[in-house]
Amino acid sequence: MKHRIVVLGAGYAGATAAGRLAKRLHSDDALITLVNADPDFVERVRMHQLAAGQDLRPRPLRDTFAGTGVRVVTALVTGVDVDRKTVDLAGADPLGYDSLVYALGSTGADHGVPGVAEHAHSVAGKQAALRLRARLSELDSGAPVVVVGGGLTGIEAATEIAETRPDLAVSIAARGGVGDWLSEKAQRHLRGAFGRLGITVNDHIDITRVAAGAVIDGAAREIPADLTVWTAGFAVHPIAAASTLTVSDTGRIVVDASMCSVSHPDVYAVGDAALAEGAGGKPLRMSCASGGPMAWQAADALAARLTGRAVPETTIGYNFQCISLGRRDGIIQLVTPDDRAKSSAITGRAAARIKEFVCAGAAWSIGHPTLLLPSRRRHLAATDEVVSDLVTRSRG
């Protein structure tokens, strides 16, 4: 009987893991099933572009994985029973597995702020971005737009909207300083871009409520907003926390260096859904930059254990952060492996080109899952060897 591997989620992490497993394991021995609610691979790093009115190329998952040995199931995951080794799907029978790769990602987090769900839009996913796109098209010239959140997502959303709709009054509000983690050079360039695009910056303002036509801070001051875009953080889906998996206080699955669950040795977690330690002992941040390497690590570790080979040991670290400031400007912030900004940064059109190359390259690698790197599909080790290894690690 084939070893059943189920991968939940086909974002950057899940799709990468499925493709890499297909390259590592012989199809005679392993059945890989990729489950995703959307029939297409969604370039989540481009959701601000989609929201601003740009059309993205469709990337059907069935076409992507045709001929790879990966079976694609389009269905919404509603629950996981890690003790019975089953996955519940909306409108379908439960799906059984022998090994699970959990990559359900994240969604926007409102942090309990009243009015966010009712009055704010986001770029946390394709449907959310399309709703924001529709609302933007309804706004009259001069309408105030407030982007809440001063991180990468907020910066990219604000600049993309301001460039696409220069007739709108775009502002950005953040609890801390907008982009204050960047180097001095990058911060200067960012402020210059905000000025060029006419974006008003509201640093150190804590938005405590979102109303139909305004955002309100802790001092009850109102900032007019015909449209509020909420980008103040992300949260994982509650499915893992509802299971017996060991999760963090935010619901992320706690994993070891091989991306294996610390409580269930037949479960791996990657991407935003996993809490993993990176360089310097710091938790890896929710990002595409983390999701890809985590997927490589998990796929290689799972394949190694199933085929009786040594598990590779790698510490995941960062090299740079990419920030688009519209279509013709950007920042490439060089960082230490533990994600602290260095003094060096690339800015302007060169940075925009690099960012586009990185985004296009990530999508290309998803679309060609078995082309990158030499592949050698290995047969599984004897079943008793695999079981013995899993039992040993579960007791350790």
# chains A, B, ... in the order shown; residues from 1 in each chain; ligands from 1
$ residues_around --residues "range 76-78 of chain A" --least-positions-apart "5" --cutoff "12 Å" --atoms "only C-alpha atoms" --output "VMD selection string"
chain A and resid 6 to 10 34 to 39 86 to 95 102 to 104 237 to 240 242 to 243
$ residues_around --residues "Ala169 in chain A" --least-positions-apart "2" --cutoff "6 Å" --atoms "only C-alpha atoms" --output "list in words"
Gly142, Ala143, Pro144 and Val145 of chain A
$ closest_residue --among "A:Ala363, A:Leu132, A:Ala269, A:Ala381" --to "His26 in chain A" --atoms "only C-alpha atoms"
A:Ala381
$ residues_around --residues "Gly149 in chain A" --least-positions-apart "6" --cutoff "12 Å" --atoms "only C-alpha atoms" --output "VMD selection string"
chain A and resid 108 to 110 122 to 123 155 to 158 171 to 179 201 to 207 228 to 234
$ write_last_selection --atoms "N, CA and C atoms" --output "mmCIF file, in the first residue's frame"
data_model
loop_
_atom_site.group_PDB
_atom_site.id
_atom_site.type_symbol
_atom_site.label_atom_id
_atom_site.label_comp_id
_atom_site.auth_asym_id
_atom_site.auth_seq_id
_atom_site.Cartn_x
_atom_site.Cartn_y
_atom_site.Cartn_z
ATOM 1 N N GLY A 108 -6.227 37.870 7.739
ATOM 2 C CA GLY A 108 -6.083 39.127 8.451
ATOM 3 C C GLY A 108 -6.555 39.023 9.892
ATOM 4 N N ALA A 109 -5.896 39.752 10.794
ATOM 5 C CA ALA A 109 -6.254 39.746 12.215
ATOM 6 C C ALA A 109 -6.776 41.119 12.608
ATOM 7 N N ASP A 110 -7.936 41.145 13.274
ATOM 8 C CA ASP A 110 -8.480 42.448 13.694
ATOM 9 C C ASP A 110 -8.073 42.812 15.113
ATOM 10 N N SER A 122 -9.339 44.457 3.444
ATOM 11 C CA SER A 122 -7.975 43.968 3.632
ATOM 12 C C SER A 122 -7.427 43.424 2.325
ATOM 13 N N VAL A 123 -6.151 43.044 2.343
ATOM 14 C CA VAL A 123 -5.516 42.386 1.193
ATOM 15 C C VAL A 123 -4.973 41.033 1.638
ATOM 16 N N ILE A 155 2.561 49.324 3.874
ATOM 17 C CA ILE A 155 3.341 50.199 2.999
ATOM 18 C C ILE A 155 3.042 49.902 1.532
ATOM 19 N N GLU A 156 3.027 48.624 1.176
ATOM 20 C CA GLU A 156 2.789 48.264 -0.220
ATOM 21 C C GLU A 156 1.362 48.594 -0.644
ATOM 22 N N ALA A 157 0.395 48.372 0.248
ATOM 23 C CA ALA A 157 -0.996 48.690 -0.093
ATOM 24 C C ALA A 157 -1.181 50.193 -0.278
ATOM 25 N N ALA A 158 -0.637 50.989 0.628
ATOM 26 C CA ALA A 158 -0.805 52.443 0.549
ATOM 27 C C ALA A 158 -0.173 53.010 -0.715
ATOM 28 N N SER A 171 -3.802 58.031 3.260
ATOM 29 C CA SER A 171 -2.946 58.179 4.446
ATOM 30 C C SER A 171 -2.665 56.808 5.030
ATOM 31 N N ILE A 172 -1.634 56.725 5.860
ATOM 32 C CA ILE A 172 -1.270 55.475 6.519
ATOM 33 C C ILE A 172 -1.091 55.765 8.006
ATOM 34 N N ALA A 173 -1.622 54.885 8.846
ATOM 35 C CA ALA A 173 -1.572 55.072 10.295
ATOM 36 C C ALA A 173 -0.988 53.828 10.942
ATOM 37 N N ALA A 174 -0.072 54.023 11.885
ATOM 38 C CA ALA A 174 0.579 52.900 12.543
ATOM 39 C C ALA A 174 0.793 53.172 14.017
ATOM 40 N N ARG A 175 0.705 52.113 14.811
ATOM 41 C CA ARG A 175 0.916 52.235 16.255
ATOM 42 C C ARG A 175 2.336 52.691 16.553
ATOM 43 N N GLY A 176 3.298 52.197 15.785
ATOM 44 C CA GLY A 176 4.684 52.633 15.926
ATOM 45 C C GLY A 176 5.034 53.601 14.812
ATOM 46 N N GLY A 177 6.289 53.547 14.384
ATOM 47 C CA GLY A 177 6.704 54.356 13.253
ATOM 48 C C GLY A 177 6.590 53.555 11.976
ATOM 49 N N VAL A 178 6.029 54.133 10.938
ATOM 50 C CA VAL A 178 5.882 53.422 9.664
ATOM 51 C C VAL A 178 7.261 53.108 9.093
ATOM 52 N N GLY A 179 7.553 51.847 8.927
ATOM 53 C CA GLY A 179 8.848 51.434 8.378
ATOM 54 C C GLY A 179 10.025 51.719 9.275
ATOM 55 N N VAL A 201 1.373 60.523 6.463
ATOM 56 C CA VAL A 201 1.846 59.512 7.410
ATOM 57 C C VAL A 201 1.440 59.899 8.825
ATOM 58 N N ASN A 202 0.761 58.984 9.508
ATOM 59 C CA ASN A 202 0.359 59.176 10.904
ATOM 60 C C ASN A 202 1.089 58.139 11.757
ATOM 61 N N ASP A 203 2.256 58.522 12.262
ATOM 62 C CA ASP A 203 3.030 57.627 13.119
ATOM 63 C C ASP A 203 2.487 57.646 14.548
ATOM 64 N N HIS A 204 2.752 56.547 15.270
ATOM 65 C CA HIS A 204 2.460 56.462 16.700
ATOM 66 C C HIS A 204 1.012 56.845 17.024
ATOM 67 N N ILE A 205 0.120 56.239 16.297
ATOM 68 C CA ILE A 205 -1.296 56.452 16.535
ATOM 69 C C ILE A 205 -1.966 55.087 16.662
ATOM 70 N N ASP A 206 -2.673 54.881 17.756
ATOM 71 C CA ASP A 206 -3.290 53.592 18.047
ATOM 72 C C ASP A 206 -4.762 53.643 17.659
ATOM 73 N N ILE A 207 -5.110 52.967 16.563
ATOM 74 C CA ILE A 207 -6.499 52.950 16.112
ATOM 75 C C ILE A 207 -7.277 51.942 16.965
ATOM 76 N N THR A 228 -11.367 52.188 4.653
ATOM 77 C CA THR A 228 -10.310 51.782 5.580
ATOM 78 C C THR A 228 -9.735 50.461 5.116
ATOM 79 N N VAL A 229 -8.419 50.391 4.995
ATOM 80 C CA VAL A 229 -7.725 49.151 4.630
ATOM 81 C C VAL A 229 -6.957 48.689 5.859
ATOM 82 N N TRP A 230 -7.322 47.541 6.394
ATOM 83 C CA TRP A 230 -6.734 47.042 7.635
ATOM 84 C C TRP A 230 -5.614 46.061 7.313
ATOM 85 N N THR A 231 -4.387 46.414 7.697
ATOM 86 C CA THR A 231 -3.229 45.544 7.431
ATOM 87 C C THR A 231 -2.416 45.328 8.703
ATOM 88 N N ALA A 232 -3.071 45.492 9.849
ATOM 89 C CA ALA A 232 -2.353 45.452 11.133
ATOM 90 C C ALA A 232 -2.215 44.035 11.669
ATOM 91 N N GLY A 233 -1.563 43.179 10.898
ATOM 92 C CA GLY A 233 -1.228 41.857 11.395
ATOM 93 C C GLY A 233 -2.045 40.733 10.780
ATOM 94 N N PHE A 234 -1.590 39.517 11.032
ATOM 95 C CA PHE A 234 -2.225 38.315 10.500
ATOM 96 C C PHE A 234 -2.444 37.308 11.614
#
$ closest_atom_pairs --of "range 275-302 of chain A" --to "range 44-48 of chain A" --cutoff "12 Å" --atoms "only C-alpha atoms" --output "JSON lines"
{"residue": "A:Met286", "atom": "CA", "partner": "A:Val45", "partner_atom": "CA", "distance": 11.9}
{"residue": "A:Ser287", "atom": "CA", "partner": "A:Val45", "partner_atom": "CA", "distance": 8.9}
{"residue": "A:Cys288", "atom": "CA", "partner": "A:Val45", "partner_atom": "CA", "distance": 7.5}
{"residue": "A:Ala289", "atom": "CA", "partner": "A:Val45", "partner_atom": "CA", "distance": 10.4}
{"residue": "A:Gly291", "atom": "CA", "partner": "A:Arg44", "partner_atom": "CA", "distance": 11.9}
$ residues_around --residues "Gly69 in chain A" --least-positions-apart "5" --cutoff "12 Å" --atoms "only C-alpha atoms" --output "CSV table (one decimal) with N, CA and C atoms, in the first residue's frame"
chain,number,residue,atom,x,y,z
A,5,ILE,N,0.4,10.8,1.7
A,5,ILE,CA,0.9,12.1,2.2
A,5,ILE,C,-0.2,13.2,1.8
A,18,ALA,N,4.6,20.2,-1.7
A,18,ALA,CA,4.0,19.1,-2.5
A,18,ALA,C,4.9,18.8,-3.7
A,19,GLY,N,5.4,19.8,-4.4
A,19,GLY,CA,6.2,19.6,-5.6
A,19,GLY,C,7.6,19.0,-5.2
A,20,ARG,N,8.1,19.4,-4.1
A,20,ARG,CA,9.4,18.9,-3.7
A,20,ARG,C,9.3,17.4,-3.2
A,21,LEU,N,8.2,17.1,-2.6
A,21,LEU,CA,8.0,15.7,-2.2
A,21,LEU,C,7.9,14.8,-3.4
A,22,ALA,N,7.2,15.4,-4.5
A,22,ALA,CA,7.1,14.6,-5.7
A,22,ALA,C,8.4,14.3,-6.4
A,23,LYS,N,9.4,15.2,-6.1
A,23,LYS,CA,10.7,15.0,-6.7
A,23,LYS,C,11.5,14.0,-5.8
A,24,ARG,N,11.2,13.9,-4.6
A,24,ARG,CA,12.0,13.1,-3.7
A,24,ARG,C,11.5,11.6,-3.5
A,25,LEU,N,10.2,11.4,-3.7
A,25,LEU,CA,9.7,10.1,-3.4
A,25,LEU,C,9.1,9.4,-4.7
A,26,HIS,N,9.3,8.1,-4.8
A,26,HIS,CA,8.9,7.4,-6.0
A,26,HIS,C,7.4,7.2,-5.9
A,27,SER,N,6.8,7.5,-7.1
A,27,SER,CA,5.3,7.4,-7.2
A,27,SER,C,4.7,6.0,-6.9
A,28,ASP,N,5.5,5.0,-7.1
A,28,ASP,CA,5.1,3.6,-6.8
A,28,ASP,C,4.8,3.4,-5.3
A,29,ASP,N,5.5,4.3,-4.5
A,29,ASP,CA,5.4,4.1,-3.0
A,29,ASP,C,4.7,5.2,-2.3
A,30,ALA,N,4.5,6.3,-2.9
A,30,ALA,CA,3.9,7.4,-2.2
A,30,ALA,C,2.7,8.0,-3.0
A,31,LEU,N,1.6,8.3,-2.3
A,31,LEU,CA,0.5,9.0,-2.9
A,31,LEU,C,0.4,10.4,-2.3
A,32,ILE,N,0.7,11.5,-3.1
A,32,ILE,CA,0.7,12.8,-2.5
A,32,ILE,C,-0.6,13.5,-3.0
A,33,THR,N,-1.3,14.0,-2.0
A,33,THR,CA,-2.6,14.7,-2.3
A,33,THR,C,-2.5,16.2,-1.8
A,34,LEU,N,-2.8,17.1,-2.6
A,34,LEU,CA,-2.7,18.5,-2.3
A,34,LEU,C,-4.1,19.1,-2.2
A,62,ARG,N,-4.4,22.3,-11.0
A,62,ARG,CA,-4.4,21.0,-11.7
A,62,ARG,C,-3.5,21.0,-12.9
A,63,ASP,N,-3.4,22.1,-13.6
A,63,ASP,CA,-2.4,22.3,-14.7
A,63,ASP,C,-1.0,22.3,-14.1
A,64,THR,N,-0.8,23.0,-13.0
A,64,THR,CA,0.6,23.1,-12.5
A,64,THR,C,1.1,21.7,-12.1
A,369,PRO,N,7.0,22.7,-10.6
A,369,PRO,CA,7.4,22.1,-9.3
A,369,PRO,C,8.5,21.0,-9.4
A,370,THR,N,8.7,20.4,-10.6
A,370,THR,CA,9.7,19.3,-10.6
A,370,THR,C,10.9,19.7,-11.5
A,377,ARG,N,13.8,10.3,-7.4
A,377,ARG,CA,12.7,9.8,-6.7
A,377,ARG,C,13.1,8.4,-6.0
$ residues_around --residues "Thr159 in chain A" --least-positions-apart "4" --cutoff "9 Å" --atoms "only C-alpha atoms" --output "tab-separated table (two decimals) with N, CA and C atoms, in the first residue's frame"
chain	number	residue	atom	x	y	z
A	154	GLY	N	1.12	47.06	4.79
A	154	GLY	CA	0.53	48.39	4.80
A	154	GLY	C	1.23	49.35	3.86
A	155	ILE	N	2.56	49.32	3.87
A	155	ILE	CA	3.34	50.20	3.00
A	155	ILE	C	3.04	49.90	1.53
A	163	GLU	N	-0.55	55.34	-6.08
A	163	GLU	CA	-0.03	55.45	-7.44
A	163	GLU	C	-1.13	55.22	-8.47
A	164	THR	N	-1.99	54.23	-8.21
A	164	THR	CA	-3.06	53.90	-9.14
A	164	THR	C	-4.16	54.95	-9.15
A	170	VAL	N	-4.86	59.55	0.27
A	170	VAL	CA	-4.41	58.33	0.95
A	170	VAL	C	-3.54	58.69	2.15
A	193	ALA	N	9.18	58.64	-1.01
A	193	ALA	CA	8.15	58.03	-1.84
A	193	ALA	C	6.76	58.43	-1.36
A	194	PHE	N	6.56	58.43	-0.04
A	194	PHE	CA	5.28	58.87	0.50
A	194	PHE	C	4.98	60.31	0.07
A	197	LEU	N	4.04	60.52	-3.64
A	197	LEU	CA	2.73	59.95	-3.92
A	197	LEU	C	1.61	60.67	-3.17
A	199	ILE	N	1.06	60.72	0.12
A	199	ILE	CA	0.53	59.92	1.23
A	199	ILE	C	0.83	60.61	2.55
A	324	SER	N	7.73	46.84	-2.42
A	324	SER	CA	7.37	47.61	-3.61
A	324	SER	C	6.69	48.90	-3.18
A	325	LEU	N	6.98	49.97	-3.88
A	325	LEU	CA	6.38	51.29	-3.63
A	325	LEU	C	5.70	51.72	-4.92
A	326	GLY	N	4.68	50.98	-5.30
A	326	GLY	CA	4.09	51.14	-6.62
A	326	GLY	C	4.84	50.28	-7.62
$ select_by_dssp --residues "range 82-305 of chain A" --states "strand (DSSP E)" --output "PyMOL selection string"
chain A and resi 86-89+92-96+99-102+106-108+120-121+144-148+169-173+200-202+207-210+214-217+222-224+227-230+234-236+253-254+267-269+274-275
$ select_by_dssp --residues "range 39-233 of chain A" --states "alpha helix (DSSP H)" --output "PyMOL selection string"
chain A and resi 47-51+61-64+116-119+126-138+152-164+184-197
$ atom_distance --atom1 "CA of Gln127 in chain A" --atom2 "CA of Ala52 in chain A"
13.3 Å
$ residues_around --residues "Val270 in chain A" --least-positions-apart "3" --cutoff "8 Å" --atoms "only C-alpha atoms" --output "PyMOL selection string"
chain A and resi 13-14+101-103+259+273-274+291+294-295+298
$ closest_residue --among "A:Gly198, A:Gly150, A:Pro114, A:Pro293" --to "Ala211 in chain A" --atoms "only C-alpha atoms"
A:Pro114
$ atom_distance --atom1 "CA of Phe41 in chain A" --atom2 "CA of Thr107 in chain A"
16.0 Å
$ atom_distance --atom1 "CA of Glu43 in chain A" --atom2 "CA of Thr16 in chain A"
12.9 Å
$ closest_residue --among "A:Thr314, A:Ser137, A:Gln297, A:Gln333" --to "Leu227 in chain A" --atoms "only C-alpha atoms"
A:Ser137
$ residues_around --residues "range 303-306 of chain A" --least-positions-apart "2" --cutoff "8 Å" --atoms "only C-alpha atoms" --output "JSON, numbers by chain"
{"A": [21, 24, 25, 299, 300, 301, 308, 309, 310, 311, 312, 380, 381, 386, 389]}
$ write_last_selection --atoms "N, CA and C atoms" --output "PDB file, in the first residue's frame"
ATOM      1  N   LEU A  21       8.216  17.103  -2.564  1.00  0.00           N
ATOM      2  CA  LEU A  21       7.995  15.703  -2.187  1.00  0.00           C
ATOM      3  C   LEU A  21       7.859  14.824  -3.427  1.00  0.00           C
ATOM      4  N   ARG A  24      11.201  13.874  -4.587  1.00  0.00           N
ATOM      5  CA  ARG A  24      12.016  13.084  -3.673  1.00  0.00           C
ATOM      6  C   ARG A  24      11.530  11.641  -3.516  1.00  0.00           C
ATOM      7  N   LEU A  25      10.232  11.405  -3.740  1.00  0.00           N
ATOM      8  CA  LEU A  25       9.652  10.096  -3.446  1.00  0.00           C
ATOM      9  C   LEU A  25       9.144   9.424  -4.716  1.00  0.00           C
ATOM     10  N   ALA A 299       9.820  19.041   3.447  1.00  0.00           N
ATOM     11  CA  ALA A 299       9.764  18.013   2.413  1.00  0.00           C
ATOM     12  C   ALA A 299      11.005  17.138   2.439  1.00  0.00           C
ATOM     13  N   ASP A 300      12.167  17.757   2.580  1.00  0.00           N
ATOM     14  CA  ASP A 300      13.411  16.984   2.605  1.00  0.00           C
ATOM     15  C   ASP A 300      13.492  16.102   3.848  1.00  0.00           C
ATOM     16  N   ALA A 301      13.030  16.624   4.976  1.00  0.00           N
ATOM     17  CA  ALA A 301      13.073  15.841   6.217  1.00  0.00           C
ATOM     18  C   ALA A 301      12.110  14.667   6.146  1.00  0.00           C
ATOM     19  N   GLY A 308      14.648   6.271   4.775  1.00  0.00           N
ATOM     20  CA  GLY A 308      15.719   5.752   5.617  1.00  0.00           C
ATOM     21  C   GLY A 308      17.039   6.461   5.457  1.00  0.00           C
ATOM     22  N   ARG A 309      17.010   7.735   5.101  1.00  0.00           N
ATOM     23  CA  ARG A 309      18.231   8.507   4.903  1.00  0.00           C
ATOM     24  C   ARG A 309      18.390   9.541   6.018  1.00  0.00           C
ATOM     25  N   ALA A 310      19.584  10.134   6.094  1.00  0.00           N
ATOM     26  CA  ALA A 310      19.856  11.131   7.129  1.00  0.00           C
ATOM     27  C   ALA A 310      19.037  12.393   6.872  1.00  0.00           C
ATOM     28  N   VAL A 311      18.497  12.941   7.926  1.00  0.00           N
ATOM     29  CA  VAL A 311      17.701  14.163   7.810  1.00  0.00           C
ATOM     30  C   VAL A 311      18.642  15.365   7.710  1.00  0.00           C
ATOM     31  N   PRO A 312      18.513  16.175   6.664  1.00  0.00           N
ATOM     32  CA  PRO A 312      19.390  17.348   6.529  1.00  0.00           C
ATOM     33  C   PRO A 312      19.131  18.357   7.638  1.00  0.00           C
ATOM     34  N   LEU A 380      10.540   4.056  -0.707  1.00  0.00           N
ATOM     35  CA  LEU A 380      10.457   4.114   0.739  1.00  0.00           C
ATOM     36  C   LEU A 380      11.222   2.964   1.369  1.00  0.00           C
ATOM     37  N   ALA A 381      11.726   3.222   2.562  1.00  0.00           N
ATOM     38  CA  ALA A 381      12.367   2.157   3.313  1.00  0.00           C
ATOM     39  C   ALA A 381      11.303   1.167   3.767  1.00  0.00           C
ATOM     40  N   VAL A 386      10.402   2.623   8.993  1.00  0.00           N
ATOM     41  CA  VAL A 386       9.748   3.928   9.063  1.00  0.00           C
ATOM     42  C   VAL A 386       8.969   4.064  10.357  1.00  0.00           C
ATOM     43  N   ASP A 389      11.234   4.578  13.341  1.00  0.00           N
ATOM     44  CA  ASP A 389      11.771   5.937  13.428  1.00  0.00           C
ATOM     45  C   ASP A 389      10.724   6.901  13.977  1.00  0.00           C
TER      46      ASP A 389
END
